[in-house]
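Here is the structure we will look at.
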2 protein chains.
Amino acid sequence: MTIMSGAVPAAAAGGQHRRPIIAAAIELTARSGWPAVTMARLAELAGVSRQTVYNEIGSKAALAEAMVAHELERFLSVVGAAFDRHPDDLVEAIYDAVRAVLELADDNKLLRAIVSATHGAAPELLPLLTTEAGALLTQAKAVVAGRVARYRIPLTGDRVDVVIDLVVRTVLSHVMQPSDTPARTADALAWVAARVLGVPANPPLRHT
Amino acid sequence: MTIMSGAVPAAAAGGQHRRPIIAAAIELTARSGWPAVTMARLAELAGVSRQTVYNEIGSKAALAEAMVAHELERFLSVVGAAFDRHPDDLVEAIYDAVRAVLELADDNKLLRAIVSATHGAAPELLPLLTTEAGALLTQAKAVVAGRVARYRIPLTGDRVDVVIDLVVRTVLSHVMQPSDTPARTADALAWVAARVLGVPANPPLRHT
DNA sequence: GCTTGACAAACAGGGGGATATTGTCAATCC
DNA sequence: GGATTGACAATATCCCCCTGTTTGTCAAGC
């Protein structure tokens, strides 16, 4: 072991090649579809050897999970940014976060490649967003809970967790099956959050 | 055309064989898996000719949709029963309905056969519950909206629709990915509904 | 209104051989 | 040490051919 190097906060540390490899895999999946992603092509695109891909990732199933985790990180980072923008108005933060997530989902090539692959062309990726989304939900809820904890809320922790579960699941549902514009969906969710969190008056609508 | 016969309220009227055929298909799918469902076997099990199956259903893709619609009807009927039980307490009705739906989902053979088919063994049924759940959501929301309209709620129709969308999506999410017992999830959702719908005081918790 | 039998077209399955891919090693290079 | 390279067995994938099944549609018959 060396001198502990940079001390990354959390998430599987992994070598310095890990992230570029995953990014290349996402790019490749979005462009040519998941079946076209072979470890050899991936290594070539990432500019590393095939062995390095195995050292950093492990297996193709692990690659699928890593891709989803990587993409989830992007979504959670825009969530974090939204919360940063409203350090003392949780409802505004929620509106911003939800809207940002749904807009990001709209023009997310990987997501569209996975979901709209005519008929289940990604029988290894889709489950991670649908029938096996448990891990995803858990991670998302944990991050959001950490953010929400910084606000003063007149509710017990249990009740706050209920609201978080509700919002996260609903947002994921809208990511997969939007039924309105991101702005309007965010508005709806923020309104619900306001009422549930006990915000004094009805906040003004942002979008008709 | 005959004399209009029984005048079924809504839903594709269909011949008198339609429902038994769909029920047989569900039974067969739950028992042997979707791939084992052939029109011939289905006809035999339903006690009709293969031609009748085609006359009533149309195609195998239509059969998949009909099965999901049929199962959705069962879920919506327990929802209706729950609402009937609480004609003047919407929050209690929601609690009952959500709990009943989640409990029904728990021991629903078809659902478990579709979702837990190790790895996407039903590439024609699963999408109807996940990536193409739009129709399902629409139908469920319509039925719930019809029920909710019978209560006096201090909210505009738009806001009520928001709450319905939220609850329906969250329940579907929990049907696919439960994170707690039906009772506790129902309790959580009912509590949220109570706060959003502007119910005066905090109703007592039903389950710890 | 339902059944029966017949039908073309498309589809799933099996066998077999070539090819590609996965995942793991040890040797090598910088 | 970290990365690359080449080699390797096991497995998956693809293509072709063939066969049996299934789909979806007819018209005849009861």
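By convention here, the chains of the structure tokens are called A, B, ... in the order presented, each chain's residues are numbered starting at 1, and ligands are numbered starting at 1 in the order presented.
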
Using only C-alpha atoms, find each residue of stretch 63-138 of chain B with at least one atom at most 7 Å away from an atom of stretch 157-179 of chain B; report its shortest atom-to-atom pair and that distance in Å (one decimal), sort the rows by chain and rising residue number, and return the result as a Markdown table.
| residue | atom | partner | partner_atom | distance |
| --- | --- | --- | --- | --- |
| B:Val98 | CA | B:Val171 | CA | 6.9 |
| B:Leu102 | CA | B:Val175 | CA | 6.0 |
| B:Ala105 | CA | B:Val175 | CA | 6.1 |

As an mmCIF file with C-alpha atoms (C1' of nucleotides), in the first residue's frame, please: the residues near stretch 7-18 of chain C (cut-off 9 Å, only C-alpha atoms (C1' of nucleotides), same-chain neighbours under 2 positions excluded).
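Final output, around30.cif:
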data_model
loop_
_atom_site.group_PDB
_atom_site.id
_atom_site.type_symbol
_atom_site.label_atom_id
_atom_site.label_comp_id
_atom_site.auth_asym_id
_atom_site.auth_seq_id
_atom_site.Cartn_x
_atom_site.Cartn_y
_atom_site.Cartn_z
ATOM 1 C "C1'" DC D 14 -24.190 -17.123 -34.576
ATOM 2 C "C1'" DC D 15 -25.294 -19.376 -38.869
ATOM 3 C "C1'" DC D 18 -34.065 -29.125 -40.815
ATOM 4 C "C1'" DT D 19 -38.249 -30.466 -38.290
ATOM 5 C "C1'" DG D 20 -42.120 -29.784 -35.497
ATOM 6 C "C1'" DT D 21 -45.011 -26.474 -33.464
ATOM 7 C "C1'" DT D 22 -47.607 -22.417 -33.196
ATOM 8 C "C1'" DT D 23 -49.897 -18.544 -34.976
ATOM 9 C "C1'" DT D 25 -57.110 -16.953 -40.951
ATOM 10 C "C1'" DC D 26 -60.641 -19.598 -43.932
#

At a cut-off of 12 Å, list the chain A residues touching chain C, using only C-alpha atoms (C1' of nucleotides), as a list in words.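 Every residue meeting the condition is included here: Pro35, Ala36, Val37, Thr38, Met39, Ala40, Arg41, Arg50, Gln51, Val53, Tyr54, Asn55, Ile57, Gly58, Ser59, Lys60 and Ala61 of chain A.
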
What lies within 9 Å of A:Ala23 using only C-alpha atoms (C1' of nucleotides), ignoring chain neighbours under 5 positions off, as JSON, numbers by chain? {"A": [18, 28, 46, 67, 70]}

Store the residues picked out above in a file with N, CA and C atoms, as an mmCIF file, in the first residue's frame.
data_model
loop_
_atom_site.group_PDB
_atom_site.id
_atom_site.type_symbol
_atom_site.label_atom_id
_atom_site.label_comp_id
_atom_site.auth_asym_id
_atom_site.auth_seq_id
_atom_site.Cartn_x
_atom_site.Cartn_y
_atom_site.Cartn_z
ATOM 1 N N ARG A 18 -11.260 3.027 -13.355
ATOM 2 C CA ARG A 18 -12.622 2.521 -13.225
ATOM 3 C C ARG A 18 -13.667 3.445 -13.837
ATOM 4 N N LEU A 28 -20.896 3.517 -25.085
ATOM 5 C CA LEU A 28 -21.014 2.431 -26.050
ATOM 6 C C LEU A 28 -22.422 1.829 -26.033
ATOM 7 N N ALA A 46 -11.946 2.582 -24.149
ATOM 8 C CA ALA A 46 -11.479 3.261 -22.938
ATOM 9 C C ALA A 46 -9.972 3.487 -22.970
ATOM 10 N N MET A 67 -22.627 0.536 -14.267
ATOM 11 C CA MET A 67 -23.174 1.562 -15.155
ATOM 12 C C MET A 67 -24.390 2.231 -14.524
ATOM 13 N N HIS A 70 -23.278 4.351 -11.683
ATOM 14 C CA HIS A 70 -22.626 5.559 -12.187
ATOM 15 C C HIS A 70 -23.664 6.574 -12.636
#

Give the alpha helix (DSSP H) residues of stretch 62-163 of chain A, as DSSP finds them on the backbone, and put them as number ranges by chain. A: 62-85, 90-106, 109-115, 126-129, 134-148, 157-163

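The shell of residues at most 12 Å from B:Val143, with only C-alpha atoms (C1' of nucleotides) counted and near chain neighbours (fewer than 2 positions) removed, consists of Ala10, Ala11, Leu72, Glu73, Phe75, Leu76, Ser77, Val78, Val79, Gly80, Phe83, Leu136, Leu137, Thr138, Gln139, Ala140, Lys141, Ala145, Gly146, Arg147, Val148, Ala149, Arg150, Asp161, Ile164, Asp165 and Val168 of chain B.
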
How far is it from atom CA of A:Ala62 to atom CA of B:Arg112, in Å with one decimal? 25.6 Å

Please identify all polymer residues within 8 Å of B:Thr185, counting only C-alpha atoms (C1' of nucleotides), omitting same-chain residues fewer than 4 positions from it, and present them as a list of chain:residue names.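 The neighbour list is B:Val98, B:Arg99, B:Asp180, B:Thr181, B:Leu189.
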
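With distances restricted to only C-alpha atoms, B:Pro127 is the closest residue to chain A from B:Pro182, B:Pro154, B:Pro127, B:Pro87.
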
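Between atom CA of A:Arg31 and atom CA of A:Ala133 lies a distance of 23.8 Å.
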
Could you tell me which of B:Tyr151, B:Ile22, B:Asp187, B:Gly134 comes closest to chain A if we count only C-alpha atoms? B:Gly134

Quote the spacing between atom CA of B:Ser32 and atom CA of A:Ile114 in Å to one decimal place.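 If I compute the distance from atom CA of B:Ser32 to atom CA of A:Ile114, I get 28.5 Å.
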
Which is closest to A:Gly33 among A:Ile153, A:Ala113, A:Ala190, A:Leu63, if we use only C-alpha atoms?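 Among the listed residues, the smallest separation from A:Gly33 belongs to A:Ala113.
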